[in-house]
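Undergrad: So I've got this file, work_33.csv, and it contains CSV, C-alpha atoms:
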chain,number,residue,atom,x,y,z
A,1,MET,CA,4.8,-1.9,-72.7
A,2,LYS,CA,4.0,1.2,-74.6
A,3,ARG,CA,3.5,4.4,-72.5
A,4,VAL,CA,0.6,6.6,-73.3
A,5,VAL,CA,1.0,10.3,-72.8
A,6,ILE,CA,-2.0,11.6,-70.8
A,7,GLY,CA,-0.9,15.2,-70.2
A,8,ASP,CA,1.9,17.1,-68.6
A,9,CYS,CA,3.6,16.2,-65.3
A,10,GLU,CA,2.5,18.5,-62.5
A,11,ILE,CA,6.0,18.8,-61.2
A,12,CYS,CA,8.3,19.3,-64.2
A,13,GLY,CA,6.0,19.7,-67.2
A,14,LYS,CA,7.4,16.7,-69.1
A,15,LYS,CA,5.0,14.2,-70.7
A,16,ALA,CA,3.0,12.5,-68.0
A,17,THR,CA,2.2,8.8,-68.4
A,18,ILE,CA,0.9,8.1,-64.9
A,19,SER,CA,-2.4,9.3,-63.3
A,20,SER,CA,-2.4,8.9,-59.5
A,21,ARG,CA,-4.6,9.8,-56.5
A,22,LEU,CA,-1.4,10.7,-54.6
A,23,ASN,CA,-0.5,14.4,-54.5
A,24,ARG,CA,3.1,15.5,-54.7
A,25,ASP,CA,3.5,15.1,-50.9
A,26,SER,CA,2.4,11.5,-51.3
A,27,TYR,CA,-1.0,11.9,-49.6
A,28,LEU,CA,-4.5,10.9,-50.9
A,29,VAL,CA,-6.7,14.0,-51.3
A,30,ALA,CA,-10.4,13.6,-51.5
A,31,GLU,CA,-13.6,15.6,-51.0
A,32,SER,CA,-16.8,14.1,-49.6
A,33,ASP,CA,-20.2,15.3,-50.8
A,34,GLY,CA,-22.5,13.4,-48.6
A,35,LYS,CA,-22.0,9.7,-49.4
A,36,LEU,CA,-19.9,10.3,-52.5
A,37,ILE,CA,-16.1,10.6,-52.1
A,38,GLN,CA,-14.2,12.1,-55.0
A,39,TYR,CA,-10.5,11.7,-55.2
A,40,GLU,CA,-8.2,14.2,-56.9
A,41,ASN,CA,-6.2,12.8,-59.8
A,42,HIS,CA,-2.7,14.0,-60.5
A,43,LEU,CA,-0.5,13.5,-63.5
A,44,TYR,CA,3.2,12.6,-63.3
A,45,CYS,CA,6.1,11.5,-65.4
A,46,GLU,CA,7.5,8.2,-64.3
A,47,GLU,CA,10.5,9.8,-62.6
A,48,HIS,CA,8.4,12.0,-60.3
A,49,PHE,CA,5.9,9.2,-59.6
A,50,LEU,CA,8.7,7.0,-58.3
A,51,GLU,CA,9.9,9.9,-56.1
A,52,ILE,CA,6.4,10.2,-54.7
A,53,LEU,CA,6.1,6.5,-54.0
A,54,THR,CA,9.5,6.6,-52.3
A,55,LYS,CA,8.2,9.4,-50.0
A,56,LEU,CA,5.2,7.3,-49.2
A,57,TRP,CA,7.2,4.2,-48.4
A,58,ASP,CA,9.7,6.2,-46.2
A,59,ARG,CA,6.7,7.5,-44.2
A,60,VAL,CA,4.9,4.2,-43.7
A,61,LYS,CA,7.7,1.6,-43.6
A,62,ASN,CA,8.3,1.9,-39.9
A,63,ILE,CA,4.5,1.8,-39.0
A,64,TRP,CA,4.0,-1.8,-40.1
Show this structure as structure tokens.
TA:
Amino acid sequence: MKRVVIGDCEICGKKATISSRLNRDSYLVAESDGKLIQYENHLYCEEHFLEILTKLWDRVKNIW
């Protein structure tokens, strides 16, 4: 699968191929304006996105 560069990674500045609603601490960030919820989008390279997913998994794996 071909990766499309969509910007620069917010952590290292390399070419970002992943857009995510997770911030670098692995949390969803959103603002509510009445009934509309707008999520922040963050750009990451594959390496840093996998690190963020690992943080998320480490935080929630013992909850379920």
Undergrad: Tell me which protein, DNA and RNA residues are within 7 Å of segment 11-17 of chain A, counting all atoms listed in the file, leaving out same-chain ones fewer than 5 positions away, and put them as a PyMOL selection string.
TA: chain A and resi 3-6+43-46
Undergrad: Hey, which of A:Ser20, A:Gly7, A:Ala30, A:Asp25 ends up closest to Arg59 of chain A? Count all atoms listed in the file.
TA: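 Checking each of A:Ser20, A:Gly7, A:Ala30, A:Asp25 against Arg59 of chain A, counting all atoms listed in the file, the winner is A:Asp25.
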Undergrad: One decimal, in Å: what's the spacing between atom CA of Ile37 of chain A and atom CA of Asp58 of chain A?
TA: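 Taking atom CA of Ile37 of chain A and atom CA of Asp58 of chain A, their separation equals 26.8 Å.
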Undergrad: Rounded to one decimal place, report the atom CA of Leu53 of chain A-atom CA of Lys35 of chain A distance in Å.
TA: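 Going from atom CA of Leu53 of chain A over to atom CA of Lys35 of chain A, I get 28.7 Å.
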Undergrad: If we count all atoms listed in the file and set the cut-off at 12 Å, which residues sit around Tyr27 of chain A, ignoring sequence neighbours fewer than 2 positions away in its own chain? Please answer as a ChimeraX atom specification.
TA: /A:20-25,29-30,39-42,52-53,55-57,59-60
Undergrad: To one decimal place in Å, what is the distance between atom CA of Ser32 of chain A and atom CA of Cys9 of chain A?
TA: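 Taking atom CA of Ser32 of chain A as the start and atom CA of Cys9 of chain A as the end point, the length is 25.8 Å.
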Undergrad: For each of A:Glu47, A:Glu31, A:Gln38, A:Asn62, take the minimum atom-to-atom distance to Ile18 of chain A, counting all atoms listed in the file, then give the residue where this is smallest.
TA: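 The answer is A:Glu47, which sits nearest to Ile18 of chain A.
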Undergrad: Could you add whatever atoms are missing so that segment 15-26 of chain A carries all heavy atoms, then write the result as a short mmCIF file (atom, residue, chain, number, x, y, z; two decimals), keeping the file's coordinate frame?
TA:
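Once everything was written out, this is part-v6.cif:
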data_model
loop_
_atom_site.label_atom_id
_atom_site.label_comp_id
_atom_site.auth_asym_id
_atom_site.auth_seq_id
_atom_site.Cartn_x
_atom_site.Cartn_y
_atom_site.Cartn_z
N LYS A 15 6.18 15.06 -70.34
CA LYS A 15 5.00 14.20 -70.70
C LYS A 15 4.69 13.28 -69.57
O LYS A 15 5.53 12.52 -69.12
CB LYS A 15 5.32 13.47 -71.98
CG LYS A 15 5.50 14.38 -73.19
CD LYS A 15 5.84 13.60 -74.41
CE LYS A 15 6.00 14.54 -75.59
NZ LYS A 15 6.38 13.82 -76.81
N ALA A 16 3.45 13.32 -69.12
CA ALA A 16 3.00 12.50 -68.00
C ALA A 16 2.39 11.19 -68.60
O ALA A 16 1.61 11.23 -69.54
CB ALA A 16 1.97 13.19 -67.17
N THR A 17 2.76 10.07 -67.99
CA THR A 17 2.20 8.80 -68.40
C THR A 17 1.49 8.09 -67.26
O THR A 17 0.98 6.99 -67.43
CB THR A 17 3.33 7.86 -68.92
OG1 THR A 17 4.32 7.70 -67.89
CG2 THR A 17 3.98 8.43 -70.17
N ILE A 18 1.45 8.73 -66.09
CA ILE A 18 0.90 8.10 -64.90
C ILE A 18 -0.16 9.06 -64.28
O ILE A 18 0.13 10.22 -64.03
CB ILE A 18 1.94 7.75 -63.87
CG1 ILE A 18 2.91 6.74 -64.48
CG2 ILE A 18 1.31 7.21 -62.59
CD1 ILE A 18 4.15 6.50 -63.67
N SER A 19 -1.35 8.54 -64.03
CA SER A 19 -2.40 9.30 -63.30
C SER A 19 -2.48 8.63 -61.92
O SER A 19 -2.59 7.40 -61.80
CB SER A 19 -3.72 9.17 -64.03
OG SER A 19 -4.73 9.79 -63.27
N SER A 20 -2.43 9.46 -60.87
CA SER A 20 -2.40 8.90 -59.50
C SER A 20 -3.32 9.76 -58.61
O SER A 20 -3.55 10.94 -58.85
CB SER A 20 -0.98 8.98 -58.97
OG SER A 20 -0.95 8.60 -57.62
N ARG A 21 -3.81 9.12 -57.56
CA ARG A 21 -4.60 9.80 -56.50
C ARG A 21 -3.66 10.44 -55.48
O ARG A 21 -4.10 11.18 -54.63
CB ARG A 21 -5.57 8.88 -55.88
CG ARG A 21 -6.66 8.45 -56.83
CD ARG A 21 -7.61 7.52 -56.14
NE ARG A 21 -8.70 7.17 -57.04
CZ ARG A 21 -9.64 6.31 -56.75
NH1 ARG A 21 -9.64 5.71 -55.58
NH2 ARG A 21 -10.58 6.04 -57.61
N LEU A 22 -2.37 10.13 -55.54
CA LEU A 22 -1.40 10.70 -54.60
C LEU A 22 -1.00 12.09 -55.06
O LEU A 22 -0.65 12.28 -56.22
CB LEU A 22 -0.15 9.82 -54.52
CG LEU A 22 -0.33 8.42 -53.94
CD1 LEU A 22 0.97 7.63 -54.09
CD2 LEU A 22 -0.74 8.49 -52.49
N ASN A 23 -0.99 13.04 -54.11
CA ASN A 23 -0.50 14.40 -54.50
C ASN A 23 1.01 14.38 -54.39
O ASN A 23 1.64 13.38 -54.05
CB ASN A 23 -1.16 15.46 -53.60
CG ASN A 23 -0.74 15.41 -52.15
OD1 ASN A 23 0.16 14.67 -51.75
ND2 ASN A 23 -1.41 16.20 -51.34
N ARG A 24 1.64 15.51 -54.67
CA ARG A 24 3.10 15.50 -54.70
C ARG A 24 3.75 15.33 -53.36
O ARG A 24 4.95 15.07 -53.28
CB ARG A 24 3.60 16.82 -55.38
CG ARG A 24 3.19 18.09 -54.69
CD ARG A 24 3.76 19.33 -55.35
NE ARG A 24 3.27 19.47 -56.71
CZ ARG A 24 3.81 20.27 -57.60
NH1 ARG A 24 4.82 21.01 -57.30
NH2 ARG A 24 3.32 20.34 -58.82
N ASP A 25 2.97 15.40 -52.27
CA ASP A 25 3.50 15.10 -50.90
C ASP A 25 3.20 13.68 -50.52
O ASP A 25 3.38 13.32 -49.36
CB ASP A 25 2.89 16.08 -49.92
CG ASP A 25 3.32 17.52 -50.17
OD1 ASP A 25 4.49 17.73 -50.53
OD2 ASP A 25 2.48 18.42 -50.01
N SER A 26 2.71 12.89 -51.42
CA SER A 26 2.40 11.50 -51.30
C SER A 26 1.20 11.18 -50.37
O SER A 26 1.15 10.17 -49.68
CB SER A 26 3.62 10.65 -50.80
OG SER A 26 3.94 10.92 -49.46
#
